[in-house]
$ cat data-v1.cif   # mmCIF, C-alpha atoms
data_run
loop_
_atom_site.label_atom_id
_atom_site.label_comp_id
_atom_site.auth_asym_id
_atom_site.auth_seq_id
_atom_site.Cartn_x
_atom_site.Cartn_y
_atom_site.Cartn_z
CA MET A 1 -27.98 -16.42 60.56
CA ALA A 2 -27.98 -12.64 61.03
CA LYS A 3 -24.95 -12.92 63.28
CA GLN A 4 -22.92 -14.55 60.47
CA ALA A 5 -24.16 -12.04 57.88
CA ASN A 6 -23.23 -9.04 60.04
CA LYS A 7 -19.80 -10.35 61.03
CA ARG A 8 -17.85 -8.45 58.34
CA ARG A 9 -20.06 -5.39 58.11
CA SER A 10 -19.13 -2.09 59.68
CA ASP A 11 -21.13 1.06 60.26
CA VAL A 12 -19.62 3.94 58.30
CA SER A 13 -20.86 7.50 58.59
CA PHE A 14 -19.62 10.83 57.30
CA GLN A 15 -20.29 14.41 58.36
CA ILE A 16 -21.28 17.33 56.15
CA GLY A 17 -18.10 18.93 54.83
CA ASP A 18 -15.96 15.75 54.94
CA LEU A 19 -13.80 15.00 51.91
CA LEU A 20 -14.48 11.65 50.27
CA LEU A 21 -13.17 9.52 47.43
CA VAL A 22 -15.56 7.79 45.02
CA ASN A 23 -15.08 4.33 43.56
CA ALA A 24 -13.62 4.71 40.05
CA LYS A 25 -16.01 2.18 38.50
CA HIS A 26 -18.82 4.68 38.99
CA ILE A 27 -16.90 7.80 37.83
CA ARG A 28 -15.66 6.83 34.38
CA LEU A 29 -13.83 9.82 32.97
CA LEU A 30 -12.65 8.19 29.75
CA GLU A 31 -12.71 4.64 28.47
CA PRO A 32 -9.41 3.21 29.69
CA LEU A 33 -6.90 1.45 27.47
CA MET A 34 -5.24 -0.27 30.41
CA ALA A 35 -7.96 -0.66 33.01
CA LYS A 36 -5.77 -2.42 35.55
CA LEU A 37 -3.43 0.60 35.75
CA ASN A 38 -6.17 3.14 36.52
CA HIS A 39 -6.88 4.58 39.95
CA ARG A 40 -9.33 2.71 42.16
CA PHE A 41 -10.78 5.88 43.70
CA TYR A 42 -11.16 9.43 42.36
CA GLY A 43 -11.64 12.84 43.80
CA GLN A 44 -11.75 14.85 46.93
CA TYR A 45 -15.44 15.53 46.90
CA LYS A 46 -17.18 17.36 49.73
CA VAL A 47 -20.32 15.97 51.38
CA LEU A 48 -23.21 18.35 50.80
CA ARG A 49 -25.99 16.40 52.50
CA CYS A 50 -26.68 13.13 54.25
CA ILE A 51 -29.90 11.80 52.69
CA ASN A 52 -30.17 8.78 55.00
CA ASN A 53 -27.85 6.40 56.85
CA VAL A 54 -26.29 4.95 53.70
CA THR A 55 -26.78 7.65 51.03
CA TYR A 56 -24.76 10.83 50.62
CA LYS A 57 -24.97 13.75 48.20
CA LEU A 58 -21.54 14.99 47.04
CA GLU A 59 -20.31 18.16 45.38
CA LEU A 60 -19.01 16.83 42.05
CA GLN A 61 -17.27 18.78 39.32
CA PRO A 62 -19.66 19.95 36.58
CA ARG A 63 -17.60 18.26 33.86
CA LEU A 64 -18.36 14.79 35.25
CA GLN A 65 -22.08 15.04 34.36
CA ARG A 66 -22.97 12.26 36.80
CA HIS A 67 -25.66 11.90 39.41
CA ASN A 68 -24.20 13.19 42.68
CA VAL A 69 -25.85 10.77 45.15
CA PHE A 70 -23.82 7.72 46.18
CA HIS A 71 -24.23 4.70 48.45
CA VAL A 72 -21.80 4.50 51.37
CA SER A 73 -20.23 1.31 49.96
CA LEU A 74 -18.85 3.35 47.01
CA LEU A 75 -17.24 6.00 49.23
CA LYS A 76 -13.99 6.17 51.14
CA ARG A 77 -12.72 8.88 53.48
CA PHE A 78 -9.93 11.06 52.04
CA VAL A 79 -6.81 10.98 54.21
CA PRO A 80 -4.11 13.48 53.16
CA ASP A 81 -0.50 12.31 53.19
#
$ encode --input "data-v1.cif" --output "structure tokens"
Amino acid sequence: MAKQANKRRSDVSFQIGDLLLVNAKHIRLLEPLMAKLNHRFYGQYKVLRCINNVTYKLELQPRLQRHNVFHVSLLKRFVPD
């Protein structure tokens, strides 16, 4: 059963100083009028600390007023164009 459960999982890890994007559902800036037209990910936030294998502390902007620790499933690596 574990083999089937782990089939689609992948190990993701980030280094201190990497730039990441955060899932937009967890960084609500304003209540959207047209939610389907909003961005799916926000930011270019730097990793400050790796708390454990799946939890990272990010350097957020002070205006967000959100907790700055996120699970790895809510993060995505920033790739510049």
$ closest_residue --input "data-v1.cif" --among "A:Leu37, A:Tyr56, A:Lys7, A:Met1" --to "A:Leu74" --atoms "only C-alpha atoms"
A:Tyr56
$ resolve_selection --input "data-v1.cif" --expression "the PyMOL selection byres ((chain A and resi 40-46) around 9)" --output "mmCIF file with C-alpha atoms, in the frame of the given file"
data_model
loop_
_atom_site.group_PDB
_atom_site.id
_atom_site.type_symbol
_atom_site.label_atom_id
_atom_site.label_comp_id
_atom_site.auth_asym_id
_atom_site.auth_seq_id
_atom_site.Cartn_x
_atom_site.Cartn_y
_atom_site.Cartn_z
ATOM 1 C CA ILE A 16 -21.280 17.330 56.150
ATOM 2 C CA GLY A 17 -18.100 18.930 54.830
ATOM 3 C CA ASP A 18 -15.960 15.750 54.940
ATOM 4 C CA LEU A 19 -13.800 15.000 51.910
ATOM 5 C CA LEU A 20 -14.480 11.650 50.270
ATOM 6 C CA LEU A 21 -13.170 9.520 47.430
ATOM 7 C CA VAL A 22 -15.560 7.790 45.020
ATOM 8 C CA ASN A 23 -15.080 4.330 43.560
ATOM 9 C CA ALA A 24 -13.620 4.710 40.050
ATOM 10 C CA LYS A 25 -16.010 2.180 38.500
ATOM 11 C CA ILE A 27 -16.900 7.800 37.830
ATOM 12 C CA LEU A 37 -3.430 0.600 35.750
ATOM 13 C CA ASN A 38 -6.170 3.140 36.520
ATOM 14 C CA HIS A 39 -6.880 4.580 39.950
ATOM 15 C CA VAL A 47 -20.320 15.970 51.380
ATOM 16 C CA LEU A 48 -23.210 18.350 50.800
ATOM 17 C CA LYS A 57 -24.970 13.750 48.200
ATOM 18 C CA LEU A 58 -21.540 14.990 47.040
ATOM 19 C CA GLU A 59 -20.310 18.160 45.380
ATOM 20 C CA LEU A 60 -19.010 16.830 42.050
ATOM 21 C CA GLN A 61 -17.270 18.780 39.320
ATOM 22 C CA LEU A 75 -17.240 6.000 49.230
ATOM 23 C CA LYS A 76 -13.990 6.170 51.140
ATOM 24 C CA ARG A 77 -12.720 8.880 53.480
ATOM 25 C CA PHE A 78 -9.930 11.060 52.040
#
$ atom_distance --input "data-v1.cif" --atom1 "atom CA of A:Asn6" --atom2 "atom CA of A:Val79"
26.5 Å
$ atom_distance --input "data-v1.cif" --atom1 "atom CA of A:Val72" --atom2 "atom CA of A:Val12"
7.3 Å
$ residues_around --input "data-v1.cif" --residues "stretch 50-55 of chain A" --least-positions-apart "3" --cutoff "7 Å" --atoms "only C-alpha atoms" --output "list in words"
Val69, Phe70, His71 and Val72 of chain A
$ atom_distance --input "data-v1.cif" --atom1 "atom CA of A:Phe14" --atom2 "atom CA of A:Asn68"
15.5 Å
$ closest_residue --input "data-v1.cif" --among "A:Pro62, A:Arg49, A:His67, A:Pro80" --to "A:Gln15" --atoms "only C-alpha atoms"
A:Arg49
$ build_atoms --input "data-v1.cif" --residues "stretch 66-79 of chain A" --atoms "N, CA, C and O atoms" --output "PDB file, keeping the file's coordinate frame"
ATOM      1  N   ARG A  66     -22.479  13.468  36.146  1.00  0.00           N
ATOM      2  CA  ARG A  66     -22.970  12.260  36.800  1.00  0.00           C
ATOM      3  C   ARG A  66     -23.940  12.651  37.903  1.00  0.00           C
ATOM      4  O   ARG A  66     -23.921  13.758  38.425  1.00  0.00           O
ATOM      5  N   HIS A  67     -24.775  11.692  38.273  1.00  0.00           N
ATOM      6  CA  HIS A  67     -25.660  11.900  39.410  1.00  0.00           C
ATOM      7  C   HIS A  67     -24.799  11.997  40.658  1.00  0.00           C
ATOM      8  O   HIS A  67     -23.853  11.231  40.820  1.00  0.00           O
ATOM      9  N   ASN A  68     -25.097  12.912  41.556  1.00  0.00           N
ATOM     10  CA  ASN A  68     -24.200  13.190  42.680  1.00  0.00           C
ATOM     11  C   ASN A  68     -24.627  12.538  43.993  1.00  0.00           C
ATOM     12  O   ASN A  68     -24.195  12.951  45.048  1.00  0.00           O
ATOM     13  N   VAL A  69     -25.440  11.491  43.942  1.00  0.00           N
ATOM     14  CA  VAL A  69     -25.850  10.770  45.150  1.00  0.00           C
ATOM     15  C   VAL A  69     -25.253   9.369  45.081  1.00  0.00           C
ATOM     16  O   VAL A  69     -25.414   8.660  44.094  1.00  0.00           O
ATOM     17  N   PHE A  70     -24.537   8.984  46.163  1.00  0.00           N
ATOM     18  CA  PHE A  70     -23.820   7.720  46.180  1.00  0.00           C
ATOM     19  C   PHE A  70     -24.124   6.922  47.438  1.00  0.00           C
ATOM     20  O   PHE A  70     -24.342   7.491  48.502  1.00  0.00           O
ATOM     21  N   HIS A  71     -24.097   5.605  47.316  1.00  0.00           N
ATOM     22  CA  HIS A  71     -24.230   4.700  48.450  1.00  0.00           C
ATOM     23  C   HIS A  71     -22.912   4.687  49.224  1.00  0.00           C
ATOM     24  O   HIS A  71     -21.833   4.877  48.646  1.00  0.00           O
ATOM     25  N   VAL A  72     -22.976   4.455  50.496  1.00  0.00           N
ATOM     26  CA  VAL A  72     -21.800   4.500  51.370  1.00  0.00           C
ATOM     27  C   VAL A  72     -20.763   3.436  50.984  1.00  0.00           C
ATOM     28  O   VAL A  72     -19.574   3.614  51.221  1.00  0.00           O
ATOM     29  N   SER A  73     -21.176   2.355  50.349  1.00  0.00           N
ATOM     30  CA  SER A  73     -20.230   1.310  49.960  1.00  0.00           C
ATOM     31  C   SER A  73     -19.312   1.761  48.823  1.00  0.00           C
ATOM     32  O   SER A  73     -18.274   1.148  48.593  1.00  0.00           O
ATOM     33  N   LEU A  74     -19.663   2.834  48.111  1.00  0.00           N
ATOM     34  CA  LEU A  74     -18.850   3.350  47.010  1.00  0.00           C
ATOM     35  C   LEU A  74     -17.929   4.488  47.454  1.00  0.00           C
ATOM     36  O   LEU A  74     -17.205   5.026  46.638  1.00  0.00           O
ATOM     37  N   LEU A  75     -17.984   4.852  48.726  1.00  0.00           N
ATOM     38  CA  LEU A  75     -17.240   6.000  49.230  1.00  0.00           C
ATOM     39  C   LEU A  75     -16.141   5.564  50.181  1.00  0.00           C
ATOM     40  O   LEU A  75     -16.233   4.536  50.848  1.00  0.00           O
ATOM     41  N   LYS A  76     -15.116   6.414  50.244  1.00  0.00           N
ATOM     42  CA  LYS A  76     -13.990   6.170  51.140  1.00  0.00           C
ATOM     43  C   LYS A  76     -13.514   7.523  51.638  1.00  0.00           C
ATOM     44  O   LYS A  76     -13.441   8.475  50.869  1.00  0.00           O
ATOM     45  N   ARG A  77     -13.179   7.617  52.904  1.00  0.00           N
ATOM     46  CA  ARG A  77     -12.720   8.880  53.480  1.00  0.00           C
ATOM     47  C   ARG A  77     -11.365   9.266  52.902  1.00  0.00           C
ATOM     48  O   ARG A  77     -10.473   8.440  52.775  1.00  0.00           O
ATOM     49  N   PHE A  78     -11.206  10.549  52.555  1.00  0.00           N
ATOM     50  CA  PHE A  78      -9.930  11.060  52.040  1.00  0.00           C
ATOM     51  C   PHE A  78      -9.011  11.343  53.208  1.00  0.00           C
ATOM     52  O   PHE A  78      -9.370  12.082  54.126  1.00  0.00           O
ATOM     53  N   VAL A  79      -7.817  10.755  53.176  1.00  0.00           N
ATOM     54  CA  VAL A  79      -6.810  10.980  54.210  1.00  0.00           C
ATOM     55  C   VAL A  79      -5.598  11.581  53.535  1.00  0.00           C
ATOM     56  O   VAL A  79      -4.923  10.921  52.755  1.00  0.00           O
TER      57      VAL A  79
END
